[in-house]
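Undergrad: Quick one: structure below, then a few questions.
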Amino acid sequence: MKKLFLPYSKATLQLKNHVVMAPMTRSRAINNVPNNLMATYYHQRTGAGLIITEGTSPSPEGLGYPRIPGIFTEEQVEGWKLVTKAVHQGGSKIFLQIMHTGRVAHSSNLPEGYQVVGLSNVKATGEIYTETGMFEYSDPAALDAAGIEKIINDHVKAAENAIAAGFDGIELHGAHGYLLEQSLNPHVNNRTDNYGGSIENRSRLILEITQKIAAAIGADKVGLRISPYLATNGMPTYDQTEVHNTYIYLAEEMNRIGIAYLHISNNPGIPEKTHQAIRETFANTIIYCNGFTAETAEESLQNGSVDLVAFGRSFLANPDFMRRIEKNAPLNELDYNTLYTPGAEGYTDYPTLD
């Protein structure tokens, strides 16, 4: 049998197969609260050994997009319990991705009384979707020392809420230009205190959050997503050697803390030496995502370059993705027009082989 379908066991990560459903924003959380429709969506996709949820905000000011879920109120925790129960009934494990959008936000997407924040006041370039159309990103207010402390505490509380909601663990979203990656980039993070300047200082926010969450819920219930060299959501590029050194330092520190996995958002810009150095530095599970087919995923698993492979778009349009690749059946086409619309259309109504 192909390795994709075989059980995976490493440290405390025990999965029914080697396939991960990647985190993907779907904007179905009305009033930012998970619901029965979302529980149905995730349950449909329990062919994956591990499901990582869409990005979920630890605080009101982290809700940069319309209708993304949160994990900071009791109502949200109760809503997520619907999802975790449905996924566990399908035999899969599920981690909650904690995502604070930081400067990648528009003020109209936030609850009344909250403002867009960032590590500095450097505005993101480009536009963001709102319920009334596309607008330039809002100007972020730079976090002061008390704001940084609150961000850290919000993440820890979000992780504790996730465990209370029945999740098997959490994934910190340190990729794709959101708040935690903003802290790493010297062109976005221009702070002159302990959270800016050197690689060690720019990594401090991620490391302090990770350490405190690990102390609160256990390091074996923590993952981190990263996207080295990827310039998305207005992230400017910086010196390649410094990028390499930044992510190797992060991998070393995450290995020291003992988190469950690193989840790498793969892209052509990552040099092979960075891939190899992360692999050599980080002892626990490494997940790769982006651009895989069933064939290339199997090849990567067989040659040992990855431990688990995550699929995104394939799961969006194919709730029975695992069954389809097992039977070599054709895949449904993705409807891009309904990716972020409210309701069941383009969400839970994709046909299965049955």
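If you're wondering about the labels, chains in the structure tokens are A, B, ... by order shown, residues count from 1 in each chain, ligands from 1 in order shown.
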Identify all residues of stretch 35-281 of chain A in strand (DSSP E or B) (DSSP on the backbone) and supply them as a PyMOL selection string.
TA: chain A and resi 50-52+56-57+70+93-98+117-118+127-130+133-136+141-142+169-174+222-226+261-265
Undergrad: Within 9 Å of A:Pro7, counting only C-alpha atoms, which residues show up once you throw out same-chain ones fewer than 4 positions away? Write them as a list of chain:residue names, please.
TA: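 Near neighbours after the sequence-gap exclusion: A:Lys3, A:Gln14, A:Leu15, A:Lys16, A:Asn17, A:His18, A:Gly49.
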Undergrad: Write to file, as a short mmCIF file (atom, residue, chain, number, x, y, z; two decimals), in the first residue's frame, the residues of the selection just made, with C-alpha atoms.
TA:
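The result, stored in selection_9.cif:
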```cif
data_model
loop_
_atom_site.label_atom_id
_atom_site.label_comp_id
_atom_site.auth_asym_id
_atom_site.auth_seq_id
_atom_site.Cartn_x
_atom_site.Cartn_y
_atom_site.Cartn_z
CA LYS A 3 2.68 5.39 2.20
CA GLN A 14 -0.63 9.46 15.92
CA LEU A 15 -2.56 9.68 12.64
CA LYS A 16 -4.51 7.21 10.51
CA ASN A 17 -2.55 8.23 7.40
CA HIS A 18 0.16 10.58 6.11
CA GLY A 49 -5.32 11.94 9.07
#
```
Undergrad: Of the residues A:Ser27, A:Thr132, A:Thr125, A:Thr46, which is the one nearest to A:Lys93, using only C-alpha atoms?
TA: A:Thr46
Undergrad: So, counting only C-alpha atoms, which residue among A:Asn189, A:Gln44, A:Asn290, A:Thr53 is closest to A:Pro351?
TA: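 Once distances to A:Pro351 are computed over only C-alpha atoms, the minimum belongs to A:Gln44.
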Undergrad: Residues of stretch 50-71 of chain A that have any atom at most 12 Å from an atom of stretch 163-170 of chain A: could you tabulate them with the shortest-distance atom pair and the distance in Å to one decimal, using only C-alpha atoms, ordered by chain and increasing number, as CSV?
TA:
```
residue,atom,partner,partner_atom,distance
A:Leu50,CA,A:Asp168,CA,9.6
A:Ile51,CA,A:Asp168,CA,10.0
A:Ile52,CA,A:Ile170,CA,8.3
A:Thr53,CA,A:Ile170,CA,9.2
A:Glu54,CA,A:Ile170,CA,11.3
A:Gly55,CA,A:Ile170,CA,10.6
A:Thr56,CA,A:Ile170,CA,10.3
A:Pro58,CA,A:Ile170,CA,11.6
A:Ile71,CA,A:Ala165,CA,9.1
```
Undergrad: Using only C-alpha atoms, which protein or nucleic acid residues come within 6 Å of stretch 258-263 of chain A? Drop anything in the same chain fewer than 3 positions from it, and give the result as a ChimeraX atom specification.
TA: /A:219-220,222-225,255,284-288
Undergrad: Please produce an output containing N, CA and C atoms for each residue in the selection, written as a PDB file, in the first residue's frame.
TA:
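The new file selection_6.pdb reads:
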```pdb
ATOM      1  N   ALA A 219       3.995  21.107  24.757  1.00  0.00           N
ATOM      2  CA  ALA A 219       4.674  21.348  23.484  1.00  0.00           C
ATOM      3  C   ALA A 219       4.232  20.376  22.400  1.00  0.00           C
ATOM      4  N   ASP A 220       3.824  19.154  22.823  1.00  0.00           N
ATOM      5  CA  ASP A 220       3.411  18.138  21.863  1.00  0.00           C
ATOM      6  C   ASP A 220       2.068  18.457  21.214  1.00  0.00           C
ATOM      7  N   VAL A 222       1.542  21.571  19.885  1.00  0.00           N
ATOM      8  CA  VAL A 222       1.819  22.839  19.200  1.00  0.00           C
ATOM      9  C   VAL A 222       2.522  22.590  17.873  1.00  0.00           C
ATOM     10  N   GLY A 223       2.037  23.257  16.827  1.00  0.00           N
ATOM     11  CA  GLY A 223       2.712  23.277  15.537  1.00  0.00           C
ATOM     12  C   GLY A 223       2.942  24.717  15.120  1.00  0.00           C
ATOM     13  N   LEU A 224       3.824  24.927  14.152  1.00  0.00           N
ATOM     14  CA  LEU A 224       4.104  26.268  13.624  1.00  0.00           C
ATOM     15  C   LEU A 224       4.150  26.205  12.118  1.00  0.00           C
ATOM     16  N   ARG A 225       3.403  27.084  11.472  1.00  0.00           N
ATOM     17  CA  ARG A 225       3.463  27.184  10.013  1.00  0.00           C
ATOM     18  C   ARG A 225       4.366  28.342   9.626  1.00  0.00           C
ATOM     19  N   ASN A 255      12.850  23.284  17.886  1.00  0.00           N
ATOM     20  CA  ASN A 255      13.333  21.953  18.245  1.00  0.00           C
ATOM     21  C   ASN A 255      13.665  21.889  19.733  1.00  0.00           C
ATOM     22  N   ASN A 284      11.404  16.715  15.043  1.00  0.00           N
ATOM     23  CA  ASN A 284      10.044  16.181  15.015  1.00  0.00           C
ATOM     24  C   ASN A 284       9.442  16.273  13.615  1.00  0.00           C
ATOM     25  N   THR A 285       8.144  16.170  13.522  1.00  0.00           N
ATOM     26  CA  THR A 285       7.455  16.052  12.233  1.00  0.00           C
ATOM     27  C   THR A 285       7.592  17.318  11.386  1.00  0.00           C
ATOM     28  N   ILE A 286       7.838  17.103  10.100  1.00  0.00           N
ATOM     29  CA  ILE A 286       7.835  18.198   9.132  1.00  0.00           C
ATOM     30  C   ILE A 286       6.740  17.929   8.102  1.00  0.00           C
ATOM     31  N   ILE A 287       5.859  18.916   7.952  1.00  0.00           N
ATOM     32  CA  ILE A 287       4.772  18.864   6.975  1.00  0.00           C
ATOM     33  C   ILE A 287       5.098  19.836   5.845  1.00  0.00           C
ATOM     34  N   TYR A 288       4.900  19.375   4.617  1.00  0.00           N
ATOM     35  CA  TYR A 288       5.031  20.272   3.475  1.00  0.00           C
ATOM     36  C   TYR A 288       3.681  20.434   2.798  1.00  0.00           C
TER      37      TYR A 288
END
```
Undergrad: For A:Tyr114, which residue out of A:Pro140, A:Pro60, A:Gly102, A:Gly90 is the nearest one, using only C-alpha atoms?
TA: A:Pro60
Undergrad: Between A:Pro34, A:Pro342, A:Gly196, A:Pro23, which has the minimum distance to A:Glu74 (counting only C-alpha atoms)?
TA: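 The shortest atom-to-atom distance to A:Glu74 comes from A:Pro34.
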Undergrad: Can you work out which one of A:Ala39, A:Ile264, A:Ala277, A:Leu119 has the shortest atom-to-atom distance to A:Ser203, counting only C-alpha atoms?
TA: A:Leu119
Undergrad: DSSP on the backbone: what in stretch 159-270 of chain A comes out helix (DSSP H, G or I), as a PyMOL selection string?
TA: chain A and resi 159-164+179-184+199-202+204-217+219-221+240-257
Undergrad: Taking N, CA and C atoms for each residue, export the selection above as a short mmCIF file (atom, residue, chain, number, x, y, z; two decimals), in the first residue's frame.
TA:
```cif
data_model
loop_
_atom_site.label_atom_id
_atom_site.label_comp_id
_atom_site.auth_asym_id
_atom_site.auth_seq_id
_atom_site.Cartn_x
_atom_site.Cartn_y
_atom_site.Cartn_z
N ALA A 159 -5.08 29.25 22.83
CA ALA A 159 -4.66 27.85 22.85
C ALA A 159 -5.39 27.07 23.93
N GLU A 160 -5.53 27.68 25.09
CA GLU A 160 -6.26 27.02 26.18
C GLU A 160 -7.73 26.83 25.79
N ASN A 161 -8.31 27.83 25.14
CA ASN A 161 -9.69 27.71 24.67
C ASN A 161 -9.83 26.59 23.63
N ALA A 162 -8.81 26.46 22.78
CA ALA A 162 -8.85 25.41 21.76
C ALA A 162 -8.90 24.02 22.40
N ILE A 163 -8.09 23.81 23.41
CA ILE A 163 -8.11 22.52 24.11
C ILE A 163 -9.46 22.31 24.78
N ALA A 164 -10.01 23.38 25.36
CA ALA A 164 -11.34 23.28 25.98
C ALA A 164 -12.41 22.94 24.95
N LEU A 179 0.58 38.48 11.35
CA LEU A 179 1.28 39.18 12.42
C LEU A 179 2.60 38.53 12.82
N LEU A 180 2.61 37.21 13.01
CA LEU A 180 3.83 36.57 13.49
C LEU A 180 4.95 36.63 12.46
N GLU A 181 4.59 36.53 11.17
CA GLU A 181 5.64 36.68 10.17
C GLU A 181 6.04 38.15 10.03
N GLN A 182 5.11 39.05 10.25
CA GLN A 182 5.45 40.47 10.22
C GLN A 182 6.57 40.78 11.20
N SER A 183 6.57 40.07 12.33
CA SER A 183 7.61 40.31 13.33
C SER A 183 8.99 39.91 12.83
N LEU A 184 9.05 38.97 11.89
CA LEU A 184 10.33 38.45 11.41
C LEU A 184 10.99 39.34 10.36
N ILE A 199 18.01 39.19 14.43
CA ILE A 199 17.20 38.00 14.17
C ILE A 199 16.60 37.48 15.47
N GLU A 200 17.40 37.45 16.51
CA GLU A 200 16.92 36.95 17.81
C GLU A 200 15.76 37.81 18.32
N ASN A 201 15.90 39.13 18.18
CA ASN A 201 14.84 40.01 18.66
C ASN A 201 13.58 39.92 17.81
N ARG A 202 13.75 39.83 16.50
CA ARG A 202 12.58 39.74 15.62
C ARG A 202 11.87 38.39 15.75
N ARG A 204 11.59 36.97 18.69
CA ARG A 204 11.20 36.90 20.10
C ARG A 204 9.70 36.72 20.28
N LEU A 205 8.89 37.43 19.50
CA LEU A 205 7.44 37.33 19.67
C LEU A 205 6.95 35.91 19.44
N ILE A 206 7.38 35.30 18.33
CA ILE A 206 6.98 33.92 18.05
C ILE A 206 7.46 32.98 19.15
N LEU A 207 8.71 33.16 19.58
CA LEU A 207 9.28 32.25 20.57
C LEU A 207 8.60 32.39 21.92
N GLU A 208 8.32 33.61 22.34
CA GLU A 208 7.66 33.78 23.64
C GLU A 208 6.25 33.21 23.60
N ILE A 209 5.53 33.43 22.51
CA ILE A 209 4.18 32.86 22.38
C ILE A 209 4.25 31.33 22.41
N THR A 210 5.18 30.77 21.65
CA THR A 210 5.31 29.31 21.59
C THR A 210 5.66 28.73 22.95
N GLN A 211 6.63 29.32 23.61
CA GLN A 211 7.06 28.82 24.92
C GLN A 211 5.91 28.86 25.93
N LYS A 212 5.17 29.94 25.93
CA LYS A 212 4.09 30.07 26.92
C LYS A 212 2.91 29.15 26.59
N ILE A 213 2.64 28.96 25.31
CA ILE A 213 1.59 28.01 24.94
C ILE A 213 2.02 26.59 25.29
N ALA A 214 3.29 26.27 25.01
CA ALA A 214 3.80 24.94 25.34
C ALA A 214 3.69 24.67 26.84
N ALA A 215 3.97 25.69 27.63
CA ALA A 215 3.86 25.53 29.09
C ALA A 215 2.41 25.35 29.52
N ALA A 216 1.49 25.95 28.76
CA ALA A 216 0.08 25.92 29.13
C ALA A 216 -0.62 24.64 28.69
N ILE A 217 -0.32 24.15 27.48
CA ILE A 217 -1.06 22.99 26.96
C ILE A 217 -0.17 21.82 26.59
N ALA A 219 3.99 21.11 24.76
CA ALA A 219 4.67 21.35 23.48
C ALA A 219 4.23 20.38 22.40
N ASP A 220 3.82 19.15 22.82
CA ASP A 220 3.41 18.14 21.86
C ASP A 220 2.07 18.46 21.21
N LYS A 221 1.43 19.54 21.66
CA LYS A 221 0.15 19.95 21.06
C LYS A 221 0.30 21.24 20.26
N GLN A 240 18.68 37.30 1.31
CA GLN A 240 18.43 35.85 1.33
C GLN A 240 19.20 35.13 2.41
N THR A 241 20.43 35.56 2.66
CA THR A 241 21.20 34.93 3.73
C THR A 241 20.54 35.17 5.08
N GLU A 242 20.00 36.39 5.27
CA GLU A 242 19.33 36.68 6.53
C GLU A 242 18.03 35.90 6.66
N VAL A 243 17.32 35.71 5.55
CA VAL A 243 16.11 34.88 5.57
C VAL A 243 16.48 33.46 6.01
N HIS A 244 17.50 32.90 5.37
CA HIS A 244 17.96 31.55 5.70
C HIS A 244 18.30 31.45 7.19
N ASN A 245 19.11 32.39 7.66
CA ASN A 245 19.54 32.35 9.06
C ASN A 245 18.36 32.52 10.02
N THR A 246 17.38 33.32 9.63
CA THR A 246 16.19 33.53 10.47
C THR A 246 15.44 32.22 10.67
N TYR A 247 15.21 31.50 9.58
CA TYR A 247 14.39 30.29 9.69
C TYR A 247 15.16 29.12 10.28
N ILE A 248 16.45 29.10 10.12
CA ILE A 248 17.23 28.06 10.79
C ILE A 248 17.25 28.33 12.30
N TYR A 249 17.37 29.59 12.68
CA TYR A 249 17.29 29.94 14.11
C TYR A 249 15.94 29.54 14.68
N LEU A 250 14.86 29.83 13.94
CA LEU A 250 13.52 29.44 14.40
C LEU A 250 13.42 27.92 14.55
N ALA A 251 13.93 27.19 13.55
CA ALA A 251 13.86 25.73 13.61
C ALA A 251 14.63 25.20 14.81
N GLU A 252 15.80 25.79 15.08
CA GLU A 252 16.60 25.36 16.25
C GLU A 252 15.82 25.60 17.55
N GLU A 253 15.21 26.76 17.66
CA GLU A 253 14.49 27.10 18.88
C GLU A 253 13.22 26.26 19.03
N MET A 254 12.53 26.00 17.93
CA MET A 254 11.34 25.15 18.00
C MET A 254 11.72 23.71 18.36
N ASN A 255 12.85 23.28 17.89
CA ASN A 255 13.33 21.95 18.24
C ASN A 255 13.67 21.89 19.73
N ARG A 256 14.24 22.98 20.25
CA ARG A 256 14.57 23.04 21.68
C ARG A 256 13.30 23.01 22.52
N ILE A 257 12.28 23.74 22.10
CA ILE A 257 11.02 23.75 22.83
C ILE A 257 10.33 22.40 22.73
#
```
Undergrad: Using only C-alpha atoms, pick whichever of A:Ala329, A:Val306, A:Leu316, A:Ala231 has the shortest atom-to-atom distance to A:Glu345.
TA: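 Answer, going by the shortest atom-to-atom distance: A:Leu316.
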Undergrad: For A:Ser120, work out the shell of residues within 8 Å, counting only C-alpha atoms and skipping chain neighbours fewer than 5 positions away, then give it as a list in words.
TA: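 That gives Pro140, Ala141, Ala142, Leu143, Val188, Asn189, Asn190 and Arg191 of chain A.
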Undergrad: Can you write just those residues out, C-alpha atoms, as a short mmCIF file (atom, residue, chain, number, x, y, z; two decimals), in the first residue's frame?
TA:
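part30.cif, written as the output of this step:
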```
data_model
loop_
_atom_site.label_atom_id
_atom_site.label_comp_id
_atom_site.auth_asym_id
_atom_site.auth_seq_id
_atom_site.Cartn_x
_atom_site.Cartn_y
_atom_site.Cartn_z
CA PRO A 140 -1.81 49.80 11.46
CA ALA A 141 -1.23 51.24 14.91
CA ALA A 142 2.15 50.14 16.25
CA LEU A 143 1.87 47.94 19.32
CA VAL A 188 7.98 45.53 8.28
CA ASN A 189 9.22 45.30 11.87
CA ASN A 190 11.21 48.48 12.47
CA ARG A 191 11.03 48.33 16.26
#
```
Undergrad: I'd like the interatomic distance between atom CA of A:Tyr347 and atom CA of A:Phe315, to a tenth of an Å.
TA: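 Atom-to-atom, atom CA of A:Tyr347 and atom CA of A:Phe315 are spaced 10.5 Å apart.
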Undergrad: Skip A:Glu295 itself and residues of its chain fewer than 4 positions away, then list as a ChimeraX atom specification all residues within 10 Å of it, counting only C-alpha atoms.
TA: /A:2,4,299-300,325
Undergrad: Would you mind exporting the chosen residues as a JSON list (two decimals), in the first residue's frame, restricted to N, CA and C atoms?
TA:
```
[["chain", "number", "residue", "atom", "x", "y", "z"],
["A", 2, "LYS", "N", 0.41, 2.29, -0.68],
["A", 2, "LYS", "CA", 1.16, 3.53, -0.73],
["A", 2, "LYS", "C", 1.29, 4.13, 0.67],
["A", 4, "LEU", "N", 1.07, 7.12, 1.59],
["A", 4, "LEU", "CA", 0.02, 8.10, 1.86],
["A", 4, "LEU", "C", -1.08, 7.55, 2.75],
["A", 299, "GLU", "N", 6.03, 10.34, -3.66],
["A", 299, "GLU", "CA", 7.47, 10.34, -3.92],
["A", 299, "GLU", "C", 8.23, 11.03, -2.79],
["A", 300, "SER", "N", 7.71, 12.16, -2.31],
["A", 300, "SER", "CA", 8.36, 12.89, -1.22],
["A", 300, "SER", "C", 8.34, 12.10, 0.08],
["A", 325, "ILE", "N", -8.24, 9.50, -4.70],
["A", 325, "ILE", "CA", -6.87, 9.16, -5.11],
["A", 325, "ILE", "C", -6.61, 7.67, -4.95]]
```
Undergrad: Rounded to one decimal in Å, what is the spacing between atom CA of A:Ala105 and atom CA of A:Ser57?
TA: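 For atom CA of A:Ala105 relative to atom CA of A:Ser57, the distance reads 12.1 Å.
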Undergrad: Just want the 9 Å neighbourhood of stretch 330-336 of chain A, counted on only C-alpha atoms, with same-chain residues fewer than 5 positions away dropped. Output as a ChimeraX atom specification.
TA: /A:313-314,316-318,321,324-325,346,350-352
Undergrad: Measure the distance from atom CA of A:Thr232 to atom CA of A:Val117 in Å and round it to one decimal.
TA: 18.1 Å
Undergrad: Near A:His43, counting only C-alpha atoms, which residues have an atom at most 10 Å away, once you skip same-chain residues fewer than 5 positions from it, shown as a list in words?
TA: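 In the requested form, the answer reads Leu37, Met38, Ile51, Leu82, Val83, Thr84, Lys85, Ala86, Val87, His88, Gln89, Gly90, Gly91, Ser92, Pro319 and Thr348 of chain A.
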Undergrad: How would the residues just picked look written out with N, CA and C atoms as a short mmCIF file (atom, residue, chain, number, x, y, z; two decimals), in the first residue's frame?
TA:
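Resulting contents of part.cif:
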```
data_model
loop_
_atom_site.label_atom_id
_atom_site.label_comp_id
_atom_site.auth_asym_id
_atom_site.auth_seq_id
_atom_site.Cartn_x
_atom_site.Cartn_y
_atom_site.Cartn_z
N LEU A 37 -22.85 24.36 9.94
CA LEU A 37 -22.41 24.24 8.55
C LEU A 37 -20.91 23.95 8.48
N MET A 38 -20.15 24.63 9.31
CA MET A 38 -18.71 24.38 9.36
C MET A 38 -18.40 22.99 9.87
N ILE A 51 -6.49 17.28 10.24
CA ILE A 51 -7.11 18.47 9.68
C ILE A 51 -6.61 19.68 10.46
N LEU A 82 -18.69 21.79 18.14
CA LEU A 82 -19.45 21.10 17.08
C LEU A 82 -18.49 20.52 16.05
N VAL A 83 -17.47 21.30 15.72
CA VAL A 83 -16.50 20.89 14.69
C VAL A 83 -15.62 19.76 15.19
N THR A 84 -15.04 19.90 16.38
CA THR A 84 -14.12 18.86 16.87
C THR A 84 -14.85 17.54 17.08
N LYS A 85 -16.09 17.60 17.55
CA LYS A 85 -16.86 16.36 17.73
C LYS A 85 -17.09 15.68 16.39
N ALA A 86 -17.43 16.46 15.36
CA ALA A 86 -17.70 15.89 14.04
C ALA A 86 -16.44 15.28 13.43
N VAL A 87 -15.30 15.94 13.61
CA VAL A 87 -14.04 15.44 13.05
C VAL A 87 -13.60 14.18 13.77
N HIS A 88 -13.69 14.16 15.07
CA HIS A 88 -13.30 12.97 15.82
C HIS A 88 -14.19 11.79 15.51
N GLN A 89 -15.46 12.04 15.23
CA GLN A 89 -16.35 10.95 14.81
C GLN A 89 -15.89 10.34 13.49
N GLY A 90 -15.22 11.14 12.66
CA GLY A 90 -14.68 10.64 11.40
C GLY A 90 -13.31 10.01 11.53
N GLY A 91 -12.77 9.96 12.75
CA GLY A 91 -11.49 9.28 12.97
C GLY A 91 -10.26 10.11 12.68
N SER A 92 -10.40 11.41 12.52
CA SER A 92 -9.26 12.29 12.24
C SER A 92 -8.88 13.08 13.47
N PRO A 319 -14.52 16.50 -1.03
CA PRO A 319 -14.62 16.03 0.35
C PRO A 319 -14.11 14.62 0.52
N THR A 348 -20.21 22.88 1.12
CA THR A 348 -20.57 21.51 1.53
C THR A 348 -21.32 20.75 0.45
#
```
